[in-house]
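A.B. asks: Next up, structure_12.csv (CSV, C-alpha atoms and all ligand atoms).
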```csv
chain,number,residue,atom,x,y,z
D,1252,MET,CA,0.0,0.0,0.0
D,1253,LYS,CA,1.2,3.5,-0.7
D,1254,ILE,CA,0.7,4.9,2.7
D,1255,SER,CA,4.1,6.6,2.7
D,1256,THR,CA,2.9,9.8,1.0
D,1257,ARG,CA,-0.1,10.3,3.1
D,1258,LEU,CA,1.8,9.7,6.3
D,1259,SER,CA,4.8,11.8,5.5
D,1260,ALA,CA,3.3,15.1,6.6
D,1261,MET,CA,2.1,13.5,9.8
D,1262,ALA,CA,5.3,11.7,10.4
D,1263,LEU,CA,7.3,14.9,10.1
D,1264,GLY,CA,5.6,15.9,13.3
D,1265,PHE,CA,7.1,12.9,15.0
D,1266,GLY,CA,10.6,13.6,13.8
D,1267,VAL,CA,10.8,10.3,12.0
D,1268,CYS,CA,12.0,9.4,8.6
D,1269,ILE,CA,10.0,7.5,6.0
D,1270,GLN,CA,11.4,5.5,3.2
D,1271,ALA,CA,9.4,4.4,0.1
D,1272,GLN,CA,8.3,0.9,0.3
D,1273,ALA,CA,7.9,-1.9,-2.1
D,1274,GLY,CA,4.4,-2.8,-0.9
D,1275,HIS,CA,4.1,-6.2,0.7
D,1276,ASP,CA,2.1,-4.9,3.6
D,1277,THR,CA,0.1,-8.0,4.4
D,1278,LEU,CA,0.2,-9.6,7.8
D,1279,TYR,CA,-0.2,-13.3,7.2
D,1280,GLN,CA,-1.1,-15.7,10.0
D,1281,VAL,CA,-2.1,-19.3,10.5
D,1282,SER,CA,-4.7,-20.1,13.1
D,1283,THR,CA,-5.6,-17.7,15.9
D,1284,ILE,CA,-4.1,-16.8,19.3
D,1285,ASP,CA,-7.3,-18.1,21.0
D,1286,ALA,CA,-6.8,-21.5,19.4
D,1287,LEU,CA,-3.3,-21.5,20.8
D,1288,LEU,CA,-4.6,-20.5,24.2
D,1289,ALA,CA,-7.2,-23.3,24.0
D,1290,GLY,CA,-4.3,-25.8,23.5
D,1291,VAL,CA,-4.5,-26.4,19.7
D,1292,TYR,CA,-0.8,-27.2,19.2
D,1293,GLU,CA,-1.2,-29.6,16.3
D,1294,PRO,CA,0.7,-28.4,13.2
D,1295,VAL,CA,-1.5,-26.6,10.8
D,1296,ALA,CA,1.2,-25.4,8.4
D,1297,GLN,CA,4.8,-25.9,7.6
D,1298,ILE,CA,7.2,-23.1,8.2
D,1299,GLY,CA,8.2,-23.2,4.5
D,1300,GLU,CA,4.7,-22.3,3.5
D,1301,LEU,CA,4.7,-19.4,5.9
D,1302,MET,CA,8.0,-18.2,4.4
D,1303,ARG,CA,6.2,-17.6,1.1
D,1304,HIS,CA,4.2,-14.9,2.9
D,1305,GLY,CA,7.1,-13.3,4.8
D,1306,ASP,CA,10.7,-13.2,5.9
D,1307,PHE,CA,9.9,-11.8,9.3
D,1308,GLY,CA,7.7,-13.0,12.1
D,1309,LEU,CA,7.1,-15.1,15.2
D,1310,GLY,CA,5.0,-17.9,16.6
D,1311,THR,CA,5.6,-21.3,18.0
D,1312,PHE,CA,6.2,-24.9,16.8
D,1313,GLU,CA,4.2,-28.1,16.8
D,1314,ALA,CA,3.4,-29.3,20.3
D,1315,LEU,CA,4.4,-25.8,21.6
D,1316,ASP,CA,8.0,-26.8,21.2
D,1317,GLY,CA,9.7,-23.5,21.9
D,1318,GLU,CA,9.4,-19.9,20.6
D,1319,ALA,CA,9.7,-19.3,16.8
D,1320,ILE,CA,11.5,-16.4,15.3
D,1321,LEU,CA,11.6,-15.8,11.5
D,1322,PHE,CA,14.3,-13.2,10.8
D,1323,GLU,CA,16.0,-12.4,7.5
D,1324,GLY,CA,14.4,-15.5,6.0
D,1325,ARG,CA,15.7,-17.9,8.6
D,1326,ILE,CA,13.6,-19.7,11.1
D,1327,TYR,CA,14.9,-20.1,14.6
D,1328,GLN,CA,13.6,-22.3,17.5
D,1329,ALA,CA,14.3,-20.9,20.9
D,1330,GLY,CA,14.0,-24.1,23.0
D,1331,SER,CA,13.1,-24.1,26.6
D,1332,ASP,CA,16.5,-25.8,27.2
D,1333,GLY,CA,18.1,-22.5,26.2
D,1334,VAL,CA,19.4,-23.7,22.9
D,1335,VAL,CA,18.7,-21.8,19.7
D,1336,ARG,CA,18.4,-24.0,16.6
D,1337,GLN,CA,17.8,-23.1,13.0
D,1338,MET,CA,14.8,-25.2,11.8
D,1339,PRO,CA,14.1,-26.8,8.5
D,1340,PRO,CA,11.2,-25.6,6.2
D,1341,ASN,CA,9.2,-28.7,6.9
D,1342,ALA,CA,8.9,-27.9,10.7
D,1343,GLY,CA,5.3,-27.6,11.6
D,1344,THR,CA,3.6,-24.7,13.4
D,1345,PRO,CA,0.2,-24.3,15.1
D,1346,PHE,CA,0.3,-20.5,15.2
D,1347,MET,CA,2.6,-18.1,13.4
D,1348,THR,CA,2.4,-14.5,12.1
D,1349,VAL,CA,4.7,-13.3,9.3
D,1350,THR,CA,5.2,-10.4,6.9
D,1351,HIS,CA,7.6,-9.2,4.2
D,1352,PHE,CA,9.4,-6.6,6.3
D,1353,ASP,CA,9.6,-3.2,4.7
D,1354,GLN,CA,11.0,-0.2,6.5
D,1355,ASP,CA,8.4,2.6,6.7
D,1356,LEU,CA,9.4,4.5,9.8
D,1357,ALA,CA,12.7,4.6,11.7
D,1358,LEU,CA,12.9,6.0,15.2
D,1359,THR,CA,15.6,6.3,17.8
D,1360,PRO,CA,14.5,5.5,21.3
D,1361,PRO,CA,15.8,7.3,24.3
D,1362,THR,CA,18.8,5.6,25.8
D,1363,GLU,CA,18.6,3.3,28.9
D,1364,GLN,CA,14.9,2.7,28.4
D,1365,SER,CA,13.0,0.1,30.2
D,1366,TYR,CA,10.5,-2.1,28.3
D,1367,ALA,CA,7.6,-0.4,30.0
D,1368,ASP,CA,8.9,3.1,29.0
D,1369,PHE,CA,9.7,1.8,25.5
D,1370,GLN,CA,6.1,0.7,25.1
D,1371,SER,CA,4.6,4.0,26.1
D,1372,TRP,CA,7.2,5.9,24.0
D,1373,LEU,CA,6.6,3.8,20.9
D,1374,GLU,CA,2.8,3.8,21.2
D,1375,ALA,CA,2.8,7.6,21.4
D,1376,ALA,CA,4.8,7.6,18.2
D,1377,LEU,CA,2.5,5.3,16.2
D,1378,PRO,CA,0.8,7.1,13.4
D,1379,SER,CA,-2.4,5.2,14.3
D,1380,ARG,CA,-3.7,2.6,16.8
D,1381,ASN,CA,-5.9,1.1,14.1
D,1382,ILE,CA,-3.4,-0.6,11.9
D,1383,ALA,CA,-0.8,-3.2,12.6
D,1384,TYR,CA,3.0,-2.8,12.7
D,1385,ALA,CA,5.8,-5.2,12.2
D,1386,ILE,CA,8.5,-4.0,14.6
D,1387,ARG,CA,12.3,-4.6,14.4
D,1388,VAL,CA,14.5,-3.2,17.1
D,1389,VAL,CA,18.3,-3.6,16.8
D,1390,GLY,CA,20.3,-2.6,19.8
D,1391,GLN,CA,22.5,-3.1,22.8
D,1392,PHE,CA,20.7,-4.3,25.8
D,1393,ALA,CA,22.0,-3.7,29.4
D,1394,GLN,CA,19.6,-6.5,30.4
D,1395,VAL,CA,17.1,-8.6,28.7
D,1396,ARG,CA,14.6,-11.1,30.1
D,1397,TYR,CA,12.8,-13.7,28.0
D,1398,ARG,CA,11.2,-17.1,28.2
D,1399,SER,CA,10.5,-20.2,26.3
D,1400,VAL,CA,7.9,-22.9,26.6
D,1401,PRO,CA,8.5,-26.6,26.7
D,1402,ARG,CA,7.2,-29.2,24.2
D,1403,GLN,CA,3.8,-30.6,25.3
D,1404,SER,CA,2.3,-34.0,25.0
D,1405,GLN,CA,-1.3,-35.0,24.2
D,1406,PRO,CA,-3.9,-34.4,25.4
D,1407,TYR,CA,-2.6,-30.8,25.2
D,1408,PRO,CA,-3.3,-28.5,28.1
D,1409,PRO,CA,-4.4,-24.9,27.6
D,1410,LEU,CA,-1.5,-22.4,27.1
D,1411,LEU,CA,-1.9,-20.9,30.5
D,1412,GLU,CA,-1.4,-24.3,32.0
D,1413,ALA,CA,1.4,-25.3,29.7
D,1414,SER,CA,3.3,-22.0,30.4
D,1415,LYS,CA,3.6,-22.9,34.0
D,1416,SER,CA,6.6,-25.0,33.0
D,1417,GLN,CA,8.2,-22.2,31.0
D,1418,THR,CA,11.8,-21.4,31.5
D,1419,PHE,CA,13.0,-17.9,32.2
D,1420,PHE,CA,16.3,-16.5,30.9
D,1421,GLU,CA,18.2,-13.3,31.5
D,1422,GLN,CA,21.3,-11.9,29.7
D,1423,GLN,CA,23.3,-8.8,30.4
D,1424,ASP,CA,25.2,-6.5,28.0
D,1425,ILE,CA,24.1,-8.3,24.9
D,1426,ARG,CA,23.5,-7.1,21.3
D,1427,GLY,CA,20.4,-8.4,19.7
D,1428,THR,CA,17.3,-7.9,17.7
D,1429,LEU,CA,13.6,-7.8,18.7
D,1430,VAL,CA,11.3,-9.2,16.1
D,1431,GLY,CA,7.6,-8.9,16.4
D,1432,PHE,CA,4.4,-6.9,16.0
D,1433,TRP,CA,2.0,-4.4,17.5
D,1434,CYS,CA,-1.6,-5.2,16.8
D,1435,PRO,CA,-4.7,-3.0,17.4
D,1436,ALA,CA,-7.1,-3.8,20.3
D,1437,PHE,CA,-9.8,-5.0,17.9
D,1438,THR,CA,-7.6,-8.0,16.9
D,1439,LYS,CA,-8.3,-9.6,20.3
D,1440,GLY,CA,-9.0,-13.3,19.9
D,1441,ILE,CA,-7.2,-13.4,16.6
D,1442,ASN,CA,-3.7,-12.1,17.4
D,1443,VAL,CA,-2.1,-10.4,20.4
D,1444,PRO,CA,-3.3,-6.8,20.9
D,1445,GLY,CA,-0.4,-4.5,21.7
D,1446,PHE,CA,3.2,-5.6,21.7
D,1447,HIS,CA,4.4,-9.1,21.0
D,1448,LEU,CA,8.2,-9.3,20.6
D,1449,HIS,CA,10.7,-12.1,20.5
D,1450,PHE,CA,14.4,-11.6,21.2
D,1451,LEU,CA,17.3,-13.0,19.1
D,1452,SER,CA,20.9,-12.3,20.0
D,1453,ASP,CA,23.4,-11.2,17.4
D,1454,ASP,CA,25.4,-14.4,17.9
D,1455,ARG,CA,22.1,-16.4,17.5
D,1456,ARG,CA,22.8,-18.3,20.7
D,1457,HIS,CA,20.1,-16.7,22.9
D,1458,ALA,CA,16.4,-16.2,22.0
D,1459,GLY,CA,12.9,-16.3,23.4
D,1460,HIS,CA,9.7,-14.5,24.0
D,1461,LEU,CA,10.5,-11.1,25.4
D,1462,LEU,CA,9.4,-10.2,28.9
D,1463,ASP,CA,11.6,-7.2,29.9
D,1464,PHE,CA,14.7,-5.2,29.0
D,1465,THR,CA,16.8,-2.2,29.5
D,1466,LEU,CA,17.7,-0.9,26.1
D,1467,THR,CA,21.0,0.9,26.3
D,1468,GLN,CA,20.7,2.2,22.8
D,1469,GLY,CA,19.0,1.0,19.6
D,1470,GLN,CA,17.1,1.7,16.5
D,1471,VAL,CA,13.4,0.9,15.9
D,1472,VAL,CA,12.0,0.3,12.5
D,1473,LEU,CA,8.3,0.0,11.8
D,1474,ASP,CA,6.6,-1.6,8.9
D,1475,LEU,CA,3.0,-0.2,8.6
D,1476,THR,CA,0.7,-3.1,7.8
D,1477,ASN,CA,-2.9,-2.5,6.7
D,1478,ASP,CA,-3.7,-5.8,5.1
D,1479,TRP,CA,-4.4,-8.9,7.1
D,1480,ARG,CA,-4.8,-12.5,6.0
D,1481,VAL,CA,-5.8,-15.2,8.5
D,1482,GLU,CA,-5.6,-18.8,7.3
D,1483,LEU,CA,-8.0,-20.8,9.4
D,1484,PRO,CA,-6.9,-24.4,9.7
D,1485,MET,CA,-9.2,-27.2,8.4
D,1486,GLU,CA,-7.7,-29.7,10.8
D,1487,PRO,CA,-10.1,-31.3,13.4
D,1488,SER,CA,-8.0,-29.9,16.3
D,1489,PHE,CA,-9.0,-26.4,15.2
D,1490,LEU,CA,-12.4,-27.2,13.9
D,1491,ASP,CA,-13.5,-28.9,17.1
D,1492,ALA,CA,-11.9,-26.5,19.5
D,1493,ASN,CA,-14.2,-24.3,21.7
D,1494,LEU,CA,-13.2,-20.8,20.7
D,1495,GLU,CA,-16.1,-18.9,22.1
D,1496,ALA,CA,-14.7,-18.0,25.5
D,1497,ASP,CA,-13.0,-14.7,26.2
D,1498,ARG,CA,-9.4,-15.6,26.8
D,1499,SER,CA,-8.1,-12.1,27.3
D,1500,GLU,CA,-7.0,-12.6,30.9
D,1501,ALA,CA,-5.2,-15.8,30.2
D,1502,LEU,CA,-3.5,-14.2,27.2
D,1503,HIS,CA,-2.4,-11.3,29.4
D,1504,ARG,CA,-0.8,-13.6,31.9
D,1505,VAL,CA,0.8,-15.8,29.3
D,1506,GLU,CA,2.3,-12.9,27.4
D,1507,GLN,CA,3.8,-11.4,30.6
D,1508,GLY,CA,5.2,-14.7,31.8
D,1509,LYS,CA,2.9,-14.7,34.9
D,1510,SER,CA,1.1,-18.0,34.5
D,1511,ASP,CA,1.5,-18.8,38.2
D,1512,GLU,CA,-0.4,-15.9,39.6
D,1601,ZN,ZN,5.8,-15.0,22.0
```
If you took the structure in this file and wrote it as structure tokens, what would it be?
C.D. replies:
Amino acid sequence: MKISTRLSAMALGFGVCIQAQAGHDTLYQVSTIDALLAGVYEPVAQIGELMRHGDFGLGTFEALDGEAILFEGRIYQAGSDGVVRQMPPNAGTPFMTVTHFDQDLALTPPTEQSYADFQSWLEAALPSRNIAYAIRVVGQFAQVRYRSVPRQSQPYPPLLEASKSQTFFEQQDIRGTLVGFWCPAFTKGINVPGFHLHFLSDDRRHAGHLLDFTLTQGQVVLDLTNDWRVELPMEPSFLDANLEADRSEALHRVEQGKSDE
């Protein structure tokens, strides 16, 4: 979409720079976050199929086997054992969101920012709260906290239950990239409203679902995304799941790594 021209005047007010984009502004996802919350961890697509729709994104693997990070066309598995593996295209996923990453807005965050402050700062700079953004943050972190979830066995428990056995990790003075999305509130049930970011260290040895950080200095790049494609699985695991409950509270706790409260 050619949103750049329309936004340029507005963006000047934010002191940001805009580059022309090639126009692959579709967020593509398989399944829904509520299906994942309900325990639908059966594979509904192969990573290779997802990679036709993007080179950038996140999700998880079949059986909830770790956190998935798609970056620069490579798919990484952040295992709950702390090991980061590059995965083959035939790896299965129950839930994943991807896009072809184009740079629309570049912003420089204040130095030594906490994740909470970063979220307020970046939300204030978003041109609108009614479209989605792919977010890439490259920087030096004084501290970063993240987690990963362990492989589950059938019958699969709901995500809140499964995440009670998540593993927490913390690194200091590390360079890395945050890969993820900001989605509008109205995407509730389909994707994760607000921020959802995964961390990947420069040396590709540390990765997981981001929980907290102190960003010493970095660069934020946003890809404005106004098209959305949701592939609903035709597998029985999805078709038979009860997806009528409001799972917002469970999602909030899972996202923040607070499954035990
Ligand atoms: Zn995550």
A.B. asks: If we draw a sphere of 10 Å around (8.5, -14.4, 7.3), which residues have at least one atom in it when counting only C-alpha atoms? Please report them as a short mmCIF file (atom, residue, chain, number, x, y, z; two decimals) with C-alpha atoms, in the frame of the given file.
C.D. replies:
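Written output follows (selection.cif):
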```cif
data_model
loop_
_atom_site.label_atom_id
_atom_site.label_comp_id
_atom_site.auth_asym_id
_atom_site.auth_seq_id
_atom_site.Cartn_x
_atom_site.Cartn_y
_atom_site.Cartn_z
CA LEU D 1278 0.20 -9.60 7.80
CA TYR D 1279 -0.20 -13.30 7.20
CA ILE D 1298 7.20 -23.10 8.20
CA GLY D 1299 8.20 -23.20 4.50
CA GLU D 1300 4.70 -22.30 3.50
CA LEU D 1301 4.70 -19.40 5.90
CA MET D 1302 8.00 -18.20 4.40
CA ARG D 1303 6.20 -17.60 1.10
CA HIS D 1304 4.20 -14.90 2.90
CA GLY D 1305 7.10 -13.30 4.80
CA ASP D 1306 10.70 -13.20 5.90
CA PHE D 1307 9.90 -11.80 9.30
CA GLY D 1308 7.70 -13.00 12.10
CA LEU D 1309 7.10 -15.10 15.20
CA ILE D 1320 11.50 -16.40 15.30
CA LEU D 1321 11.60 -15.80 11.50
CA PHE D 1322 14.30 -13.20 10.80
CA GLU D 1323 16.00 -12.40 7.50
CA GLY D 1324 14.40 -15.50 6.00
CA ARG D 1325 15.70 -17.90 8.60
CA ILE D 1326 13.60 -19.70 11.10
CA MET D 1347 2.60 -18.10 13.40
CA THR D 1348 2.40 -14.50 12.10
CA VAL D 1349 4.70 -13.30 9.30
CA THR D 1350 5.20 -10.40 6.90
CA HIS D 1351 7.60 -9.20 4.20
CA PHE D 1352 9.40 -6.60 6.30
#
```
A.B. asks: Show me which residues sit within 9 Å of ligand ZN 1601 (chain D) when counting only C-alpha atoms and all ligand atoms, and put them as a PDB file with C-alpha atoms, in the coordinates of the input.
C.D. replies:
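The new file pocket_27.pdb reads:
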```pdb
ATOM      1  CA  LEU D1309       7.100 -15.100  15.200  1.00  0.00           C
ATOM      2  CA  GLY D1310       5.000 -17.900  16.600  1.00  0.00           C
ATOM      3  CA  THR D1311       5.600 -21.300  18.000  1.00  0.00           C
ATOM      4  CA  GLU D1318       9.400 -19.900  20.600  1.00  0.00           C
ATOM      5  CA  ALA D1319       9.700 -19.300  16.800  1.00  0.00           C
ATOM      6  CA  ILE D1320      11.500 -16.400  15.300  1.00  0.00           C
ATOM      7  CA  ARG D1398      11.200 -17.100  28.200  1.00  0.00           C
ATOM      8  CA  SER D1399      10.500 -20.200  26.300  1.00  0.00           C
ATOM      9  CA  GLY D1431       7.600  -8.900  16.400  1.00  0.00           C
ATOM     10  CA  HIS D1447       4.400  -9.100  21.000  1.00  0.00           C
ATOM     11  CA  LEU D1448       8.200  -9.300  20.600  1.00  0.00           C
ATOM     12  CA  HIS D1449      10.700 -12.100  20.500  1.00  0.00           C
ATOM     13  CA  GLY D1459      12.900 -16.300  23.400  1.00  0.00           C
ATOM     14  CA  HIS D1460       9.700 -14.500  24.000  1.00  0.00           C
ATOM     15  CA  LEU D1461      10.500 -11.100  25.400  1.00  0.00           C
ATOM     16  CA  VAL D1505       0.800 -15.800  29.300  1.00  0.00           C
ATOM     17  CA  GLU D1506       2.300 -12.900  27.400  1.00  0.00           C
TER      18      GLU D1506
END
```
A.B. asks: Would you pick out the contacts of range 1406-1423 of chain D at 9 Å or less, using only C-alpha atoms, so that residues sharing its chain but fewer than 5 positions from it are not included, and give the list as a VMD selection string?
C.D. replies: chain D and resid 1287 to 1292 1314 to 1315 1331 to 1333 1392 to 1401 1457 to 1459 1501 to 1502 1504 to 1505 1508 to 1511
A.B. asks: Calculate how many Å separate CA of Asn1442 in chain D from CA of Thr1283 in chain D, rounding to one decimal.
C.D. replies: 6.1 Å
A.B. asks: Report, in Å to a single decimal, how far apart CA of Gln1403 in chain D and CA of Asp1491 in chain D are.
C.D. replies: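 Going from CA of Asp1491 in chain D over to CA of Gln1403 in chain D, I get 19.2 Å.
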A.B. asks: With distances taken over all atoms listed in the file, which residue among D:Ala1376, D:Gly1440, D:Phe1432, D:Thr1362 lies nearest Leu1494 in chain D?
C.D. replies: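 Between D:Ala1376, D:Gly1440, D:Phe1432, D:Thr1362, the residue approaching Leu1494 in chain D most closely is D:Gly1440.
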A.B. asks: For CA of Ser1282 in chain D and CA of Glu1495 in chain D, quote the distance in Å rounded to one decimal.
C.D. replies: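 Pair CA of Ser1282 in chain D / CA of Glu1495 in chain D returns 14.6 Å.
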A.B. asks: Pick the closest to Thr1476 in chain D from D:Val1281, D:Cys1434, D:Val1335, D:Val1388: which is it, counting all atoms listed in the file?
C.D. replies: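 For Thr1476 in chain D, the nearest of the given residues is D:Cys1434.
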A.B. asks: Could you give me, as a list of chain:residue names, the residues that sit within 9 Å of (17.3, 7.9, 20.5) in the file's coordinates, counting all atoms listed in the file?
C.D. replies: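 Nearby residues: D:Leu1358, D:Thr1359, D:Pro1360, D:Pro1361, D:Thr1362, D:Gln1468, D:Gly1469, D:Gln1470.
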A.B. asks: In terms of the shortest atom-to-atom distance over all atoms listed in the file, which of D:Gln1297, D:Asp1353, D:Pro1345, D:Ile1382 is closest to Phe1312 in chain D?
C.D. replies: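 Answer, going by the shortest atom-to-atom distance: D:Pro1345.
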A.B. asks: Ranking D:Arg1456, D:Tyr1366, D:Ile1386, D:Leu1490 by minimum distance to Tyr1327 in chain D and counting only C-alpha atoms, which one comes first?
C.D. replies: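 With only C-alpha atoms as the atom set, the closest residue is D:Arg1456.
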